[in-house]
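Below is one structure, written out as structure tokens; the observations come after it.
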Amino acid sequence: MNEVSKTLAAGLSVAAAAGLIAFGAVVRNRQDLGEPPIQGTRIAAEGLGTFVASNDKIGEVPEGDYFYEMSQLLKREYVEPITDPMKLATGAVRGMVGSLGDPHSIFMDKDEFRAYLAERQDKYEGIGVELALVMPNTPKQTSVHGVQPTAEPPDESMSYYPTYPKLTVVGISPGGPADRAGVKLGDVVYSVDGKWLVNSGELNAYRKAHDLFEAKKMPLPEFDKLRKELQAKTERPLMALKAKDLLTLGNQGSVTAVWVRKGEKLTTKMQKAPSTMGAPGQKDGALPLRFNSQAVETLKTALAGKSALTIDLRNNALGDFEQMRKCLAVVAPSGDYGMIEPDKKEAAFPVTVAHGAEHPPHLRLIVDSSTRGVAEAFALALSTKGVAKLTGDPMGPDHVIEEVVELPDGSGYTLARGTYEPTAQSSIVASRGR
Amino acid sequence: MRPVVKLLLAAIGLLGCFLFGFSWRDIQRGEPPSTRALDALVGVKVTPAKLTPEQVFEKNYNRILVDYSRHVDPTDLKYAGMEGMMASLGDPHTIFMPPKDAEAFSDETRANFSGIGAKLMTEPTGLGAKVATVFDDGPAYAAGLRAGNIITAVNGVSVADKEIDSIVDRIKGKEGTVVKLTVIQEGKTKPVILAVRRARIVTPTVEGKYLPDSKMGYLAIYSFSEPTAEQFDKELRKLEQHELTGLVIDLRGNPGGLLETAKALLGRFVENKVVVTMRFRDGDEETERTPTGELHNFRYPIAVLINEDSASAAEIFAGGLKDYGKVTLVGEHSYGKASVQNVFPLVDQASAKITIAKYFLPSGRFIGRKVDEDGVFLTGGLEPDVKVALTEDMQVEPGDPATDNQLRKAIEVLQAKAAH
């Protein structure tokens, strides 16, 4: 070997070695993340000193590195040892989901998420209700095949306060504890076990009284009485999701709730017990269908040898979108069945049935305001295309499609993907300039 | 050497290079190379790897950005994650501050008492912070802020349901910078936004008043700032021109401030005594002691008024006085902030305020606040010797014995003592 080829060989081996090191790192990154490696270099290589600012240099730190560096900082400095780093990640996810401020995107701790998953299998705890955060001024929906949804009148305009969504009964287990106590669909939780649920209506009423008092239109004793009442309530205020926990978690003990129905207050004391929403024995042999992993089987079994079927979609607020789509394919011919429209400038994605039913059955769907989410989308999809007839009361209206995410420690969250819009309407919606 | 051996060595060398690259992530973190990753590489069936906390964070961060129905600003989302991460520790004083909020927190501003010239108090409905006092010569007064106004947002960020000292932290900041306050003012139909330029505030942190009916002195200490000890001496001298039968020191609503000041003030009462012991996470302890040569001869009994808004340095001062048997505490339990924070500025001008130590009072007591899951006070803080709640009356004027029933109680206690 002469000198030239020796140098060449040495150069090549160095290049090969470096290449392999880089390749190894890439392989590892892909293996760990299942996606292309993270952009940017990990700052840890240079030590924490560069993350904790030493001068006025401003640097943008990618989110993954940011998280890593923050957890290192906490591990190093926080007064208590940090024994469970996963708690930090869960906390971060909780913070991110919470920052969306969206009643359809909700973080749930382990207990809440366990109960949520059970509810999707129609196993309810607590008082046997489905509760949802409903904004008081839900915009009126257009009529769909004679089913006219209702909306509460806007009663909290002119407000200094943010308007909080109301914790509202959107499903009741037939024969369950709440049903037996006389709770009805649409009832709003006012207090639980004597703890007042923070209520923007009442805060606003107090503000108005305060203005009157300041304008000397209300005497001091009267205003002082209101002030003391509010102060007593706010001493132990209850946040909506906490109130939901008190009512819907566990099968032990009893709970006293005060509800608001059409401006009137109603007090109920209920013994917690297991219950289900799709209780048997419904009229006309209607099939209660819940969009979970058994949905398609249930539907196929019910349809076997029949040309007509009535499906009861009431008490149906939780469902899996994919399962709903599979059910569509069982009962509907191939075609497009509307769109999921995100609220951001991104293409809506269609709900398509590729291999639909060749001989679609005659369907009748029983709906009411407890038909929500994917169940409402299912009803809208079928009725708009003329595949099914709707009977009953106005639905939801709430056809926001959520996805469900589980975290490693058993907690989880829902994330709003977009609003379902039936095909026939999307052109109208578009022409309205949305 | 035979060619085969050479080739073999070369192959081993290259394999080594690959493995080095493959394990780089572990090496960076100072961990041994992951055997699980290697198993997966050569095709040995492994149970799905547990995600690391980082991966959990990143996956969900990306999922929210991509899947969520509405557009989310990536940087805001990142900061929301950091806030949630620090909140998961359950310590209200360990907080993440995005760059906007963090302006207030560079190292020099901690010693530099600049602000807007107003005192805030807890707003019972959780709407924000209520303005207790506005100093006539401060920038807040010039900008139109008045006592009784309610601050609902700072720099556009809502402060509803925030702890009072975290609201104060957000408002404080470097001299010359501007803070925007969203304020509810009486008689206005809409909240107004006031832009206040922060300035070095020479606040009257101590105010004395002679109460002729009871022949007592009343000294309100609003905060523990640099000039507080000096102002305390001055106001005390003025009061002592009268023949005092007792002194009431009012620490209600005092959010604390400098430990140095609490130390100096305690030095008026006891010499070379322990003020607090700080215990750090590695078990290291540091003890602060009062100075010598600053003793004042108090020839009359003293009562100290505290309430749930008395925190931090105010608790150190009141706790020290109690532990050395110098005073009677009157009022309600104090806040219970028994921890020391450090502010870490970060490269992107955000900062992290982290609790780095706990402190213990001279008697060894730990007064850390414990709350239940609703955030309602359970235990902690200083317990008053004489417990009395402020009357539920609208017209309480602190320092006026005619309306301030806690002050009245303190006077009674002192009169009973003087009679003995």
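Each chain in the structure tokens gets a letter, A, B, ..., in the order shown, and its residues are numbered from 1; ligands are numbered from 1 in order too.
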
Counting only C-alpha atoms, what is within 12 Å of B:Phe317, bar same-chain residues fewer than 5 positions away, as a PDB file with N, CA and C atoms, in the first residue's frame?
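This went into part-v8.pdb:
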ATOM      1  N   ILE B 221     -47.617  47.913  60.101  1.00  0.00           N
ATOM      2  CA  ILE B 221     -46.493  47.633  59.190  1.00  0.00           C
ATOM      3  C   ILE B 221     -47.075  46.973  57.954  1.00  0.00           C
ATOM      4  N   SER B 223     -45.429  46.252  54.959  1.00  0.00           N
ATOM      5  CA  SER B 223     -44.569  45.256  54.302  1.00  0.00           C
ATOM      6  C   SER B 223     -43.185  45.348  54.914  1.00  0.00           C
ATOM      7  N   PHE B 224     -42.344  44.408  54.582  1.00  0.00           N
ATOM      8  CA  PHE B 224     -40.986  44.402  55.105  1.00  0.00           C
ATOM      9  C   PHE B 224     -40.033  44.775  53.978  1.00  0.00           C
ATOM     10  N   ALA B 229     -37.368  49.255  58.773  1.00  0.00           N
ATOM     11  CA  ALA B 229     -36.846  49.311  60.142  1.00  0.00           C
ATOM     12  C   ALA B 229     -36.655  50.762  60.571  1.00  0.00           C
ATOM     13  N   ILE B 249     -49.102  46.359  67.299  1.00  0.00           N
ATOM     14  CA  ILE B 249     -48.432  46.317  65.993  1.00  0.00           C
ATOM     15  C   ILE B 249     -49.345  45.542  65.052  1.00  0.00           C
ATOM     16  N   ASP B 250     -49.738  46.181  63.963  1.00  0.00           N
ATOM     17  CA  ASP B 250     -50.710  45.573  63.047  1.00  0.00           C
ATOM     18  C   ASP B 250     -49.988  44.971  61.840  1.00  0.00           C
ATOM     19  N   LEU B 251     -50.011  43.645  61.760  1.00  0.00           N
ATOM     20  CA  LEU B 251     -49.392  42.968  60.612  1.00  0.00           C
ATOM     21  C   LEU B 251     -50.455  42.355  59.699  1.00  0.00           C
ATOM     22  N   ASN B 254     -50.151  42.059  55.781  1.00  0.00           N
ATOM     23  CA  ASN B 254     -48.747  42.281  55.429  1.00  0.00           C
ATOM     24  C   ASN B 254     -48.201  41.032  54.734  1.00  0.00           C
ATOM     25  N   PRO B 255     -47.875  41.133  53.419  1.00  0.00           N
ATOM     26  CA  PRO B 255     -47.473  39.939  52.678  1.00  0.00           C
ATOM     27  C   PRO B 255     -46.021  39.537  52.896  1.00  0.00           C
ATOM     28  N   GLY B 256     -45.291  40.322  53.712  1.00  0.00           N
ATOM     29  CA  GLY B 256     -43.900  39.953  53.968  1.00  0.00           C
ATOM     30  C   GLY B 256     -42.949  40.821  53.189  1.00  0.00           C
ATOM     31  N   GLY B 257     -41.838  40.240  52.790  1.00  0.00           N
ATOM     32  CA  GLY B 257     -40.832  41.007  52.075  1.00  0.00           C
ATOM     33  C   GLY B 257     -39.463  40.477  52.429  1.00  0.00           C
ATOM     34  N   LEU B 258     -38.604  41.376  52.870  1.00  0.00           N
ATOM     35  CA  LEU B 258     -37.208  40.995  53.104  1.00  0.00           C
ATOM     36  C   LEU B 258     -37.007  40.343  54.466  1.00  0.00           C
ATOM     37  N   LEU B 259     -36.309  39.230  54.436  1.00  0.00           N
ATOM     38  CA  LEU B 259     -35.948  38.554  55.674  1.00  0.00           C
ATOM     39  C   LEU B 259     -35.050  39.461  56.513  1.00  0.00           C
ATOM     40  N   GLU B 260     -34.136  40.201  55.852  1.00  0.00           N
ATOM     41  CA  GLU B 260     -33.227  41.117  56.539  1.00  0.00           C
ATOM     42  C   GLU B 260     -34.004  42.095  57.416  1.00  0.00           C
ATOM     43  N   THR B 261     -35.113  42.577  56.869  1.00  0.00           N
ATOM     44  CA  THR B 261     -35.901  43.564  57.602  1.00  0.00           C
ATOM     45  C   THR B 261     -36.567  42.932  58.818  1.00  0.00           C
ATOM     46  N   ALA B 262     -37.095  41.726  58.626  1.00  0.00           N
ATOM     47  CA  ALA B 262     -37.712  41.029  59.757  1.00  0.00           C
ATOM     48  C   ALA B 262     -36.675  40.822  60.855  1.00  0.00           C
ATOM     49  N   LYS B 263     -35.451  40.491  60.429  1.00  0.00           N
ATOM     50  CA  LYS B 263     -34.341  40.281  61.361  1.00  0.00           C
ATOM     51  C   LYS B 263     -34.024  41.567  62.117  1.00  0.00           C
ATOM     52  N   ALA B 264     -33.921  42.660  61.354  1.00  0.00           N
ATOM     53  CA  ALA B 264     -33.572  43.940  61.966  1.00  0.00           C
ATOM     54  C   ALA B 264     -34.638  44.362  62.968  1.00  0.00           C
ATOM     55  N   LEU B 265     -35.925  44.198  62.591  1.00  0.00           N
ATOM     56  CA  LEU B 265     -37.004  44.600  63.486  1.00  0.00           C
ATOM     57  C   LEU B 265     -37.020  43.754  64.748  1.00  0.00           C
ATOM     58  N   LEU B 266     -36.786  42.473  64.577  1.00  0.00           N
ATOM     59  CA  LEU B 266     -36.768  41.586  65.738  1.00  0.00           C
ATOM     60  C   LEU B 266     -35.612  41.958  66.655  1.00  0.00           C
ATOM     61  N   GLY B 267     -34.559  42.525  66.043  1.00  0.00           N
ATOM     62  CA  GLY B 267     -33.391  42.991  66.806  1.00  0.00           C
ATOM     63  C   GLY B 267     -33.720  44.134  67.748  1.00  0.00           C
ATOM     64  N   ARG B 268     -34.868  44.799  67.565  1.00  0.00           N
ATOM     65  CA  ARG B 268     -35.310  45.833  68.503  1.00  0.00           C
ATOM     66  C   ARG B 268     -35.792  45.185  69.808  1.00  0.00           C
ATOM     67  N   PHE B 269     -36.109  43.878  69.729  1.00  0.00           N
ATOM     68  CA  PHE B 269     -36.712  43.196  70.870  1.00  0.00           C
ATOM     69  C   PHE B 269     -35.758  42.211  71.548  1.00  0.00           C
ATOM     70  N   VAL B 270     -34.962  41.479  70.754  1.00  0.00           N
ATOM     71  CA  VAL B 270     -34.035  40.486  71.317  1.00  0.00           C
ATOM     72  C   VAL B 270     -32.682  40.583  70.615  1.00  0.00           C
ATOM     73  N   VAL B 274     -31.829  33.439  67.561  1.00  0.00           N
ATOM     74  CA  VAL B 274     -32.206  32.819  66.283  1.00  0.00           C
ATOM     75  C   VAL B 274     -33.509  33.459  65.764  1.00  0.00           C
ATOM     76  N   VAL B 275     -33.518  33.819  64.493  1.00  0.00           N
ATOM     77  CA  VAL B 275     -34.738  34.336  63.861  1.00  0.00           C
ATOM     78  C   VAL B 275     -35.455  33.188  63.156  1.00  0.00           C
ATOM     79  N   VAL B 276     -34.731  32.564  62.243  1.00  0.00           N
ATOM     80  CA  VAL B 276     -35.247  31.351  61.595  1.00  0.00           C
ATOM     81  C   VAL B 276     -34.105  30.407  61.294  1.00  0.00           C
ATOM     82  N   THR B 290     -30.568  37.606  65.163  1.00  0.00           N
ATOM     83  CA  THR B 290     -30.805  39.051  65.247  1.00  0.00           C
ATOM     84  C   THR B 290     -29.494  39.772  65.536  1.00  0.00           C
ATOM     85  N   VAL B 304     -49.743  41.974  68.879  1.00  0.00           N
ATOM     86  CA  VAL B 304     -49.536  41.984  67.427  1.00  0.00           C
ATOM     87  C   VAL B 304     -50.784  41.426  66.756  1.00  0.00           C
ATOM     88  N   LEU B 305     -51.321  42.184  65.812  1.00  0.00           N
ATOM     89  CA  LEU B 305     -52.498  41.735  65.062  1.00  0.00           C
ATOM     90  C   LEU B 305     -52.061  40.973  63.813  1.00  0.00           C
ATOM     91  N   ILE B 306     -52.602  39.768  63.622  1.00  0.00           N
ATOM     92  CA  ILE B 306     -52.299  39.003  62.405  1.00  0.00           C
ATOM     93  C   ILE B 306     -53.609  38.486  61.804  1.00  0.00           C
ATOM     94  N   SER B 310     -51.347  37.749  56.519  1.00  0.00           N
ATOM     95  CA  SER B 310     -50.006  38.030  57.049  1.00  0.00           C
ATOM     96  C   SER B 310     -49.133  36.851  56.642  1.00  0.00           C
ATOM     97  N   ALA B 311     -48.079  37.125  55.884  1.00  0.00           N
ATOM     98  CA  ALA B 311     -47.316  36.005  55.341  1.00  0.00           C
ATOM     99  C   ALA B 311     -45.818  36.276  55.382  1.00  0.00           C
ATOM    100  N   SER B 312     -45.063  35.180  55.213  1.00  0.00           N
ATOM    101  CA  SER B 312     -43.630  35.274  54.959  1.00  0.00           C
ATOM    102  C   SER B 312     -42.903  36.057  56.051  1.00  0.00           C
ATOM    103  N   LYS B 322     -43.387  36.065  69.333  1.00  0.00           N
ATOM    104  CA  LYS B 322     -44.173  35.157  70.181  1.00  0.00           C
ATOM    105  C   LYS B 322     -43.259  34.142  70.868  1.00  0.00           C
ATOM    106  N   ASP B 323     -42.339  33.559  70.061  1.00  0.00           N
ATOM    107  CA  ASP B 323     -41.472  32.523  70.627  1.00  0.00           C
ATOM    108  C   ASP B 323     -40.575  33.063  71.746  1.00  0.00           C
ATOM    109  N   TYR B 324     -40.208  34.359  71.675  1.00  0.00           N
ATOM    110  CA  TYR B 324     -39.395  34.921  72.745  1.00  0.00           C
ATOM    111  C   TYR B 324     -40.247  35.584  73.815  1.00  0.00           C
ATOM    112  N   LYS B 326     -42.425  38.006  73.807  1.00  0.00           N
ATOM    113  CA  LYS B 326     -42.453  39.468  73.871  1.00  0.00           C
ATOM    114  C   LYS B 326     -43.843  40.058  73.651  1.00  0.00           C
ATOM    115  N   VAL B 327     -44.715  39.308  73.018  1.00  0.00           N
ATOM    116  CA  VAL B 327     -46.003  39.899  72.637  1.00  0.00           C
ATOM    117  C   VAL B 327     -47.149  38.893  72.790  1.00  0.00           C
ATOM    118  N   LEU B 329     -50.301  37.537  70.466  1.00  0.00           N
ATOM    119  CA  LEU B 329     -50.827  37.580  69.105  1.00  0.00           C
ATOM    120  C   LEU B 329     -52.352  37.605  69.157  1.00  0.00           C
ATOM    121  N   SER B 334     -52.301  33.072  60.692  1.00  0.00           N
ATOM    122  CA  SER B 334     -51.619  33.716  59.565  1.00  0.00           C
ATOM    123  C   SER B 334     -51.563  32.747  58.390  1.00  0.00           C
ATOM    124  N   LEU B 361     -39.281  28.275  62.878  1.00  0.00           N
ATOM    125  CA  LEU B 361     -39.229  29.392  63.823  1.00  0.00           C
ATOM    126  C   LEU B 361     -38.261  29.061  64.964  1.00  0.00           C
ATOM    127  N   PRO B 362     -37.894  30.069  65.779  1.00  0.00           N
ATOM    128  CA  PRO B 362     -36.910  29.824  66.844  1.00  0.00           C
ATOM    129  C   PRO B 362     -37.263  28.624  67.724  1.00  0.00           C
ATOM    130  N   LEU B 382     -49.345  30.911  62.039  1.00  0.00           N
ATOM    131  CA  LEU B 382     -49.250  31.162  63.468  1.00  0.00           C
ATOM    132  C   LEU B 382     -50.658  31.179  64.026  1.00  0.00           C
TER     133      LEU B 382
END

Close residues, B:Lys59 itself excluded, 12 Å, only C-alpha atoms, min 2 positions apart in chain, as a PyMOL selection string: (chain A and resi 32-35+38+63-64+89-90+92-93+405-408) or (chain B and resi 51-57+61-67)

A:Ala347: which residues within 12 Å, counting only C-alpha atoms, same-chain residues fewer than 5 positions away excluded, as an mmCIF file with N, CA and C atoms, in the first residue's frame?
data_model
loop_
_atom_site.group_PDB
_atom_site.id
_atom_site.type_symbol
_atom_site.label_atom_id
_atom_site.label_comp_id
_atom_site.auth_asym_id
_atom_site.auth_seq_id
_atom_site.Cartn_x
_atom_site.Cartn_y
_atom_site.Cartn_z
ATOM 1 N N MET A 339 -68.879 15.926 7.214
ATOM 2 C CA MET A 339 -67.487 16.290 7.444
ATOM 3 C C MET A 339 -67.241 16.556 8.930
ATOM 4 N N ILE A 340 -65.984 16.327 9.335
ATOM 5 C CA ILE A 340 -65.548 16.831 10.639
ATOM 6 C C ILE A 340 -64.809 18.130 10.347
ATOM 7 N N GLU A 341 -65.315 19.209 10.843
ATOM 8 C CA GLU A 341 -64.724 20.510 10.529
ATOM 9 C C GLU A 341 -64.014 21.091 11.742
ATOM 10 N N PRO A 342 -62.679 21.183 11.643
ATOM 11 C CA PRO A 342 -61.966 21.849 12.734
ATOM 12 C C PRO A 342 -62.247 23.345 12.684
ATOM 13 N N GLY A 418 -63.136 18.479 16.162
ATOM 14 C CA GLY A 418 -63.864 19.343 15.253
ATOM 15 C C GLY A 418 -65.340 19.093 15.423
ATOM 16 N N SER B 69 -59.032 20.967 17.675
ATOM 17 C CA SER B 69 -59.925 21.633 16.736
ATOM 18 C C SER B 69 -59.505 23.069 16.397
#

Members of stretch 325-402 of chain A assigned strand (DSSP E or B) by DSSP, as a list in words: Gly335, Asp336, Tyr337, Gly338, Met339, Ile340, Glu341, Phe349, Pro350, Val351, Thr352, Val353, His362, Leu363, Arg364, Leu365, Ile366, Val367, Thr371, Ala388, Lys389, Leu390, Thr391, Gly392, Val400, Ile401 and Glu402 of chain A

Please produce an output containing C-alpha atoms for each residue in the selection, written as a PDB file, in the first residue's frame.
ATOM      1  CA  GLY A 335     -71.142   7.422   0.154  1.00  0.00           C
ATOM      2  CA  ASP A 336     -70.121  10.574   1.958  1.00  0.00           C
ATOM      3  CA  TYR A 337     -71.794  11.337   5.242  1.00  0.00           C
ATOM      4  CA  GLY A 338     -70.681  14.808   6.152  1.00  0.00           C
ATOM      5  CA  MET A 339     -67.487  16.290   7.444  1.00  0.00           C
ATOM      6  CA  ILE A 340     -65.548  16.831  10.639  1.00  0.00           C
ATOM      7  CA  GLU A 341     -64.724  20.510  10.529  1.00  0.00           C
ATOM      8  CA  PHE A 349     -62.045  15.615   6.730  1.00  0.00           C
ATOM      9  CA  PRO A 350     -64.963  13.704   5.303  1.00  0.00           C
ATOM     10  CA  VAL A 351     -66.876  10.910   6.993  1.00  0.00           C
ATOM     11  CA  THR A 352     -67.006   8.308   4.263  1.00  0.00           C
ATOM     12  CA  VAL A 353     -68.577   4.879   4.095  1.00  0.00           C
ATOM     13  CA  HIS A 362     -85.519   0.964   7.256  1.00  0.00           C
ATOM     14  CA  LEU A 363     -84.280   2.774  10.301  1.00  0.00           C
ATOM     15  CA  ARG A 364     -86.076   4.778  12.915  1.00  0.00           C
ATOM     16  CA  LEU A 365     -83.940   6.584  15.477  1.00  0.00           C
ATOM     17  CA  ILE A 366     -85.313   7.753  18.818  1.00  0.00           C
ATOM     18  CA  VAL A 367     -83.457  10.857  19.913  1.00  0.00           C
ATOM     19  CA  THR A 371     -78.392  12.249  22.185  1.00  0.00           C
ATOM     20  CA  ALA A 388     -83.254   6.987   8.729  1.00  0.00           C
ATOM     21  CA  LYS A 389     -86.162   8.865  10.248  1.00  0.00           C
ATOM     22  CA  LEU A 390     -85.792  10.676  13.535  1.00  0.00           C
ATOM     23  CA  THR A 391     -88.465  10.652  16.215  1.00  0.00           C
ATOM     24  CA  GLY A 392     -88.479  12.139  19.657  1.00  0.00           C
ATOM     25  CA  VAL A 400     -68.317  18.017  18.675  1.00  0.00           C
ATOM     26  CA  ILE A 401     -66.176  14.965  17.972  1.00  0.00           C
ATOM     27  CA  GLU A 402     -63.613  14.251  20.672  1.00  0.00           C
TER      28      GLU A 402
END

Residues within 8 Å of A:Leu230, only C-alpha atoms, excluding chain neighbours under 3 positions, as a list in words: Tyr206, Leu226, Arg227, Lys233 and Thr234 of chain A; Thr125 of chain B

Close residues, B:His93 itself excluded, 9 Å, only C-alpha atoms, min 4 positions apart in chain, as a ChimeraX atom specification: /B:165-166,337,339-341,353-355

Length of the atom CA of B:Arg237 to atom CA of B:Asp136 vector [Å]: 24.4 Å

Contacts of A:Arg314 at 10 Å (only C-alpha atoms; same-chain gap of 3+ positions) as a VMD selection string: chain A and resid 170 to 172 277 to 278 288 to 290 311 317 365 to 372 375 to 376 392 to 393 395

Given the selection you just returned, output its residues as a file containing C-alpha atoms, formatted as a PDB file, in the first residue's frame.
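Result file follows (result.pdb):
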ATOM      1  CA  VAL A 170     -77.390  15.313  29.644  1.00  0.00           C
ATOM      2  CA  GLY A 171     -78.225  11.697  30.409  1.00  0.00           C
ATOM      3  CA  ILE A 172     -80.041   9.815  33.159  1.00  0.00           C
ATOM      4  CA  MET A 277     -78.021   4.121  30.663  1.00  0.00           C
ATOM      5  CA  GLY A 278     -79.251   1.627  28.106  1.00  0.00           C
ATOM      6  CA  PRO A 288     -80.206   0.873  22.712  1.00  0.00           C
ATOM      7  CA  LEU A 289     -76.938   1.326  20.836  1.00  0.00           C
ATOM      8  CA  ARG A 290     -73.785   2.615  22.445  1.00  0.00           C
ATOM      9  CA  ILE A 311     -82.566   2.330  17.469  1.00  0.00           C
ATOM     10  CA  ALA A 317     -73.474  11.202  25.263  1.00  0.00           C
ATOM     11  CA  LEU A 365     -83.940   6.584  15.477  1.00  0.00           C
ATOM     12  CA  ILE A 366     -85.313   7.753  18.818  1.00  0.00           C
ATOM     13  CA  VAL A 367     -83.457  10.857  19.913  1.00  0.00           C
ATOM     14  CA  ASP A 368     -83.713  13.656  22.444  1.00  0.00           C
ATOM     15  CA  SER A 369     -81.445  16.166  24.142  1.00  0.00           C
ATOM     16  CA  SER A 370     -79.480  13.308  25.679  1.00  0.00           C
ATOM     17  CA  THR A 371     -78.392  12.249  22.185  1.00  0.00           C
ATOM     18  CA  ARG A 372     -75.022  13.967  21.952  1.00  0.00           C
ATOM     19  CA  ALA A 375     -74.609   9.637  18.652  1.00  0.00           C
ATOM     20  CA  GLU A 376     -75.926  12.961  17.430  1.00  0.00           C
ATOM     21  CA  GLY A 392     -88.479  12.139  19.657  1.00  0.00           C
ATOM     22  CA  ASP A 393     -87.273  15.470  20.944  1.00  0.00           C
ATOM     23  CA  MET A 395     -81.087  16.655  20.053  1.00  0.00           C
TER      24      MET A 395
END

Residue among A:Leu203, A:Val192, A:Leu133, A:Leu380 lying closest to chain B, counting only C-alpha atoms: A:Leu203

Atom pair atom CA of A:Ser293 / atom CA of A:Asp312: separation (Å): 17.6 Å

Test item, alpha helix (DSSP H) assignment across stretch 225-298 of chain A, answer as a list in words: Lys225, Leu226, Arg227, Lys228, Glu229, Leu230, Gln231, Ala232, Lys233, Thr234, Ala240, Leu241, Lys242, Ala243, Lys244, Asp245, Leu246, Leu247, Thr248, Ala295, Val296, Glu297 and Thr298 of chain A

Give me a file of those residues, with N, CA and C atoms, as a compact mmCIF listing (two decimals), in the first residue's frame.
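As a result, selection-v7.txt now contains:
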# COMPACT_ATOMS: atom_id res chain seq x y z
N LYS A 225 -76.65 42.24 53.18
CA LYS A 225 -77.21 40.90 53.30
C LYS A 225 -76.74 40.05 52.11
N LEU A 226 -76.87 40.63 50.91
CA LEU A 226 -76.41 39.93 49.70
C LEU A 226 -74.93 39.61 49.79
N ARG A 227 -74.18 40.59 50.27
CA ARG A 227 -72.73 40.43 50.34
C ARG A 227 -72.38 39.27 51.27
N LYS A 228 -73.07 39.22 52.42
CA LYS A 228 -72.78 38.15 53.36
C LYS A 228 -73.18 36.79 52.81
N GLU A 229 -74.30 36.77 52.10
CA GLU A 229 -74.74 35.51 51.50
C GLU A 229 -73.69 34.99 50.52
N LEU A 230 -73.20 35.90 49.66
CA LEU A 230 -72.21 35.48 48.67
C LEU A 230 -70.92 35.06 49.34
N GLN A 231 -70.56 35.81 50.39
CA GLN A 231 -69.32 35.49 51.08
C GLN A 231 -69.40 34.09 51.69
N ALA A 232 -70.57 33.76 52.28
CA ALA A 232 -70.74 32.43 52.88
C ALA A 232 -70.60 31.36 51.80
N LYS A 233 -71.15 31.64 50.61
CA LYS A 233 -71.08 30.66 49.53
C LYS A 233 -69.65 30.49 49.03
N THR A 234 -68.93 31.61 48.93
CA THR A 234 -67.60 31.53 48.34
C THR A 234 -66.57 31.01 49.33
N ALA A 240 -66.68 23.14 38.80
CA ALA A 240 -67.63 22.25 38.12
C ALA A 240 -67.15 20.80 38.03
N LEU A 241 -65.88 20.62 37.68
CA LEU A 241 -65.43 19.24 37.48
C LEU A 241 -65.33 18.48 38.80
N LYS A 242 -65.09 19.23 39.87
CA LYS A 242 -65.05 18.63 41.20
C LYS A 242 -66.48 18.19 41.58
N ALA A 243 -67.44 19.03 41.27
CA ALA A 243 -68.84 18.69 41.56
C ALA A 243 -69.24 17.44 40.79
N LYS A 244 -68.75 17.35 39.55
CA LYS A 244 -69.04 16.18 38.73
C LYS A 244 -68.49 14.92 39.41
N ASP A 245 -67.26 15.02 39.93
CA ASP A 245 -66.67 13.88 40.65
C ASP A 245 -67.55 13.45 41.82
N LEU A 246 -67.99 14.46 42.60
CA LEU A 246 -68.77 14.13 43.80
C LEU A 246 -70.05 13.38 43.43
N LEU A 247 -70.59 13.68 42.26
CA LEU A 247 -71.86 13.07 41.86
C LEU A 247 -71.68 11.75 41.11
N THR A 248 -70.57 11.60 40.42
CA THR A 248 -70.48 10.46 39.50
C THR A 248 -69.36 9.48 39.81
N ALA A 295 -70.38 -2.33 19.69
CA ALA A 295 -71.48 -1.70 18.95
C ALA A 295 -71.82 -2.45 17.65
N VAL A 296 -70.79 -2.74 16.85
CA VAL A 296 -71.04 -3.35 15.55
C VAL A 296 -71.70 -4.72 15.71
N GLU A 297 -71.18 -5.50 16.64
CA GLU A 297 -71.74 -6.83 16.91
C GLU A 297 -73.21 -6.71 17.31
N THR A 298 -73.46 -5.81 18.26
CA THR A 298 -74.83 -5.60 18.76
C THR A 298 -75.76 -5.24 17.60

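Take the candidates B:Thr287, B:Asn307, B:Thr177, B:Ser351 and check each one against chain A using only C-alpha atoms; the shortest distance goes to B:Ser351.
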
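Atom to atom, atom CA of A:Arg236 and atom CA of A:Met96 stand 26.5 Å apart.
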